[in-house]
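Visitor: Before we start, here is the structure in question, set down as structure tokens.
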Amino acid sequence: MARPLVLNEDRLFPLEPSARALARELYGTVAKLPIISPHGHTDPAWFAQNQPFGNAAELLLQPDHYLTRMLYSQGVPLEALGVKGTPADPREAWRIFAQHYPLFRGTPSRMWMDWVLAEVFGIDVRLDAETADAAYDRITEALATPAFAPRALFERFNIEVIATTESPLDTLDHHAAIRQSGWQGRVITAYRPDPVVDPEFEGFADNLRLLVELTGEDCGSWQGYLAAHRKRRAFFKGMGATSTDHGHPTAQSADLAAHEAESLFDRVKDGNASPQDAEIFRAQMLTEMARMSVEDGLVMQLHPGSFRNHNAALFARFGRDVGADIPLRTDYVHALKPLLDRFGNAAEFSLILFTLDESTYARELAPLAGHYPCLKLGPAWWFHDSPEGMRRFRRMVTETAGFYNTVGFNDDTRAFLSIPARHDVARRIDCGFLAELVMEHRLDEDEAFELAQDLAYNLAKKAYRL
């Protein structure tokens, strides 16, 4: 017998009655605020073409590696789910997902998916093997209607701006099409140079050749290579970009002498770089990107500390981003010092730091951001954009860095419909945290209401210069 799907109005609020009542009141002032999504891994083609999403599996399951990694961990082959375009019957993939839905009990994925099912599609019974087909049909039929086209959903979710993430080699044709369409939805890009700054990125030599074709610069020389980056950054900025994004394995930066940088680049471009050379080159490029950010005003984001594509067999079969990115211990204090020595006090420079290493929150990140004018902390990313992860972040950084050295919420998702669900979770958690501070007489109530607005909306807009 189908079991009801009910979203409790007080979910995620504190247990203590007076704190819960205040959290509920705070949340009521921010629940409907516009969404600022400065790091959404969404496909700009959705908004450029505005074509209907195909079916429930294609939209909700296959692009969401939070879901597929859990299923894979329990023995479900990714091929059976249709991941990365592998041939699979979408209804059968959805049935497999529904059958295994109990795997997600207690996880943020369960909260997000339940929100989507209930709030977006009006489904009032829990997803399981028995209800799978009915849910699939209801979702897929809805997706064929104009109300569920990408632009309509964008507007329904009250998204003020979303920043997709593109390689320097992307021509941004979809972003151009959005601009030319006359639609008022704000979809901007962000400059993600990893394919042409990481010598260990697959196809690096070919990527450099494409960079030459796009820019007309001589990427056989160090100065020509840097000029190519400046040219692409200017193009991205002209297409609306306000930020860059860097997914380096570590936070290591470097400040080499000009002749050392040139010699290192020669080894890199000729394919003669050792693993140590590759790390030093990435480190130097972080500093070069910081220099360019001082020049052009693009906000810099750093997402280090992930052993990407850890499962070699899956990487060989499916490529990147199938849920096998694993957190690593990450040093920031020593690693960032060369960069901060050069630009840490520059008024024009802004660097937002993220981490997958929670042990660094209180020990490294909060003291750094609580001192350097250029630094801000991004609270939620990958494994930590969860209720407990958000609480740990606030509790570990607020005493040292305060609220205003953080940047609100960063949804970081490839699953479009989970964006409002994730923001709802973040707003509830922050309101609960603020309510507890008021109850402990560490914060006045009027300040809590101001902070609720800032955390939900104002800080992200300001930090990303939106």
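Starting from 1 in every chain, residues are counted up; chains themselves are A, B, ... following the order of the structure tokens, and ligands are numbered from 1 as listed.
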Considering only helix (DSSP H, G or I) as DSSP defines it on the backbone, what residues of segment 77-326 of chain A qualify? List them as an NGL selection string.

Guide: :A and (78-81 or 83-85 or 90-99 or 101-104 or 108-120 or 132-143 or 146-148 or 150-156 or 173-181 or 194-197 or 204-215 or 222-238 or 258-269 or 275-296 or 312-318)

Visitor: So that I can check the surroundings of segment 121-134 of chain A, please list as a ChimeraX atom specification every protein, DNA and RNA residue that reaches within 12 Å of it, counting only C-alpha atoms and ignoring chain neighbours fewer than 3 positions away.

Guide: /A:1-7,55-57,90-105,110-111,113-118,137-143,147-148,153,417

Visitor: Set the distance at 10 Å and use only C-alpha atoms: which residues neighbour segment 157-167 of chain A once local chain neighbours fewer than 4 positions away are removed? I'd like the list as an MDAnalysis selection string.

Guide: chainID A and resid 32:44 120 151:153 171:172 175 184:196 232 236 240:245 412 414 417 419:421 461 464 466

Visitor: Using only C-alpha atoms, find the one residue out of A:Ala251, A:Ala227, A:Met300, A:Leu314 that sits nearest to Leu356 of chain A.

Guide: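 Closest residue, counting only C-alpha atoms: A:Ala251.
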
Visitor: Could you tell me how far atom CA of Glu436 of chain A sits from atom CA of Glu25 of chain A, in Å to one decimal place?

Guide: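 Calculated distance between atom CA of Glu25 of chain A and atom CA of Glu436 of chain A is 12.9 Å.
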
Visitor: Just the residues within 10 Å of segment 265-279 of chain A, please, counting only C-alpha atoms, with nothing from its chain fewer than 2 positions along; format it as an NGL selection string.

Guide: :A and (197-201 or 204-205 or 208 or 219-223 or 225 or 248-250 or 252-254 or 259-263 or 281-285)

Visitor: Find the residues around Leu353 of chain A up to 6 Å (only C-alpha atoms counted), leave out those fewer than 4 positions away in its own chain, and share them as a list in words.

Guide: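 The neighbour list is Leu302, Leu377 and Gly378 of chain A.
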
Visitor: I need the residue nearest His303 of chain A from this list: A:Tyr332, A:Phe393, A:Tyr27, A:Phe349. Use only C-alpha atoms for the distance.

Guide: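 Going through A:Tyr332, A:Phe393, A:Tyr27, A:Phe349 one by one, the smallest distance to His303 of chain A is for A:Tyr332.
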
Visitor: Would you mind writing down, as a list in words, each residue of segment 27-221 of chain A that DSSP on the backbone assigns to strand (DSSP E or B)?

Guide: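 Strand (DSSP E or B) assignments inside segment 27-221 of chain A correspond to Ile35, Ile36, Ser37, Val125, Ile159, Glu160, Val161, Ile162, Ala163, Glu166, Val187, Ile188 and Tyr191 of chain A.
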
Visitor: So, with only C-alpha atoms as the atoms that count, which of A:Ala176, A:Leu264, A:Leu443, A:Ala426 lies closest to Ala456 of chain A?

Guide: A:Ala426

Visitor: Do a neighbour search on Leu365 of chain A at 9 Å with only C-alpha atoms, toss out local chain neighbours closer than 2 positions, and write the hits as JSON, numbers by chain.

Guide: {"A": [332, 333, 353, 354, 355, 360, 361, 362, 363, 367, 368, 369, 370, 376, 377, 397, 401]}

Visitor: Output the selection as a PDB file, in the first residue's frame - N, CA and C atoms for each residue.

Guide:
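out_0.pdb written:
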ATOM      1  N   TYR A 332      45.825  25.061   3.435  1.00  0.00           N
ATOM      2  CA  TYR A 332      45.590  26.395   2.892  1.00  0.00           C
ATOM      3  C   TYR A 332      46.619  27.403   3.396  1.00  0.00           C
ATOM      4  N   VAL A 333      47.030  27.284   4.645  1.00  0.00           N
ATOM      5  CA  VAL A 333      47.892  28.290   5.261  1.00  0.00           C
ATOM      6  C   VAL A 333      49.210  28.434   4.507  1.00  0.00           C
ATOM      7  N   LEU A 353      37.019  30.807  -1.085  1.00  0.00           N
ATOM      8  CA  LEU A 353      37.610  29.496  -0.823  1.00  0.00           C
ATOM      9  C   LEU A 353      36.542  28.490  -0.432  1.00  0.00           C
ATOM     10  N   PHE A 354      36.662  27.302  -0.994  1.00  0.00           N
ATOM     11  CA  PHE A 354      35.812  26.172  -0.636  1.00  0.00           C
ATOM     12  C   PHE A 354      36.709  25.048  -0.109  1.00  0.00           C
ATOM     13  N   THR A 355      36.106  24.086   0.551  1.00  0.00           N
ATOM     14  CA  THR A 355      36.896  22.955   1.023  1.00  0.00           C
ATOM     15  C   THR A 355      36.042  21.704   1.089  1.00  0.00           C
ATOM     16  N   THR A 360      39.695  21.864   8.315  1.00  0.00           N
ATOM     17  CA  THR A 360      40.339  23.162   8.083  1.00  0.00           C
ATOM     18  C   THR A 360      39.449  24.339   8.446  1.00  0.00           C
ATOM     19  N   TYR A 361      38.160  24.115   8.704  1.00  0.00           N
ATOM     20  CA  TYR A 361      37.238  25.226   8.951  1.00  0.00           C
ATOM     21  C   TYR A 361      37.758  26.164  10.042  1.00  0.00           C
ATOM     22  N   ALA A 362      37.918  25.634  11.257  1.00  0.00           N
ATOM     23  CA  ALA A 362      38.296  26.463  12.396  1.00  0.00           C
ATOM     24  C   ALA A 362      39.795  26.711  12.451  1.00  0.00           C
ATOM     25  N   ARG A 363      40.584  25.742  11.996  1.00  0.00           N
ATOM     26  CA  ARG A 363      42.033  25.860  12.130  1.00  0.00           C
ATOM     27  C   ARG A 363      42.657  26.779  11.091  1.00  0.00           C
ATOM     28  N   PRO A 367      40.407  31.592  10.287  1.00  0.00           N
ATOM     29  CA  PRO A 367      41.425  32.614  10.588  1.00  0.00           C
ATOM     30  C   PRO A 367      41.926  33.347   9.351  1.00  0.00           C
ATOM     31  N   LEU A 368      42.085  32.648   8.229  1.00  0.00           N
ATOM     32  CA  LEU A 368      42.529  33.323   7.003  1.00  0.00           C
ATOM     33  C   LEU A 368      41.498  34.334   6.531  1.00  0.00           C
ATOM     34  N   ALA A 369      40.237  33.898   6.440  1.00  0.00           N
ATOM     35  CA  ALA A 369      39.180  34.800   5.958  1.00  0.00           C
ATOM     36  C   ALA A 369      38.893  35.904   6.973  1.00  0.00           C
ATOM     37  N   GLY A 370      39.159  35.630   8.251  1.00  0.00           N
ATOM     38  CA  GLY A 370      38.961  36.632   9.281  1.00  0.00           C
ATOM     39  C   GLY A 370      40.072  37.665   9.329  1.00  0.00           C
ATOM     40  N   LYS A 376      36.955  35.241   1.173  1.00  0.00           N
ATOM     41  CA  LYS A 376      35.639  34.892   1.681  1.00  0.00           C
ATOM     42  C   LYS A 376      35.508  33.372   1.644  1.00  0.00           C
ATOM     43  N   LEU A 377      34.616  32.841   2.458  1.00  0.00           N
ATOM     44  CA  LEU A 377      34.428  31.396   2.537  1.00  0.00           C
ATOM     45  C   LEU A 377      33.112  30.984   1.896  1.00  0.00           C
ATOM     46  N   VAL A 397      33.100  28.262  11.886  1.00  0.00           N
ATOM     47  CA  VAL A 397      33.753  29.444  11.314  1.00  0.00           C
ATOM     48  C   VAL A 397      33.226  30.760  11.862  1.00  0.00           C
ATOM     49  N   ALA A 401      35.493  34.073  11.811  1.00  0.00           N
ATOM     50  CA  ALA A 401      35.321  34.812  10.552  1.00  0.00           C
ATOM     51  C   ALA A 401      34.044  35.630  10.523  1.00  0.00           C
TER      52      ALA A 401
END

Visitor: Using only C-alpha atoms, which residue out of A:Leu78, A:Ala48, A:Leu22, A:Met390 lies closest to Phe315 of chain A?

Guide: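 Closest residue, counting only C-alpha atoms: A:Leu78.
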
Visitor: Give the answer as one residue: which of A:Pro379, A:Gln62, A:Arg156, A:Pro387 has the shortest atom-to-atom distance to Glu79 of chain A, using only C-alpha atoms?

Guide: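 Result for the nearest residue to Glu79 of chain A: A:Gln62.
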
Visitor: Give me the residues within 8 Å of Met439 of chain A as an MDAnalysis selection string, counting only C-alpha atoms and dropping any in the same chain fewer than 3 places off.

Guide: chainID A and resid 18:19 435:436 442
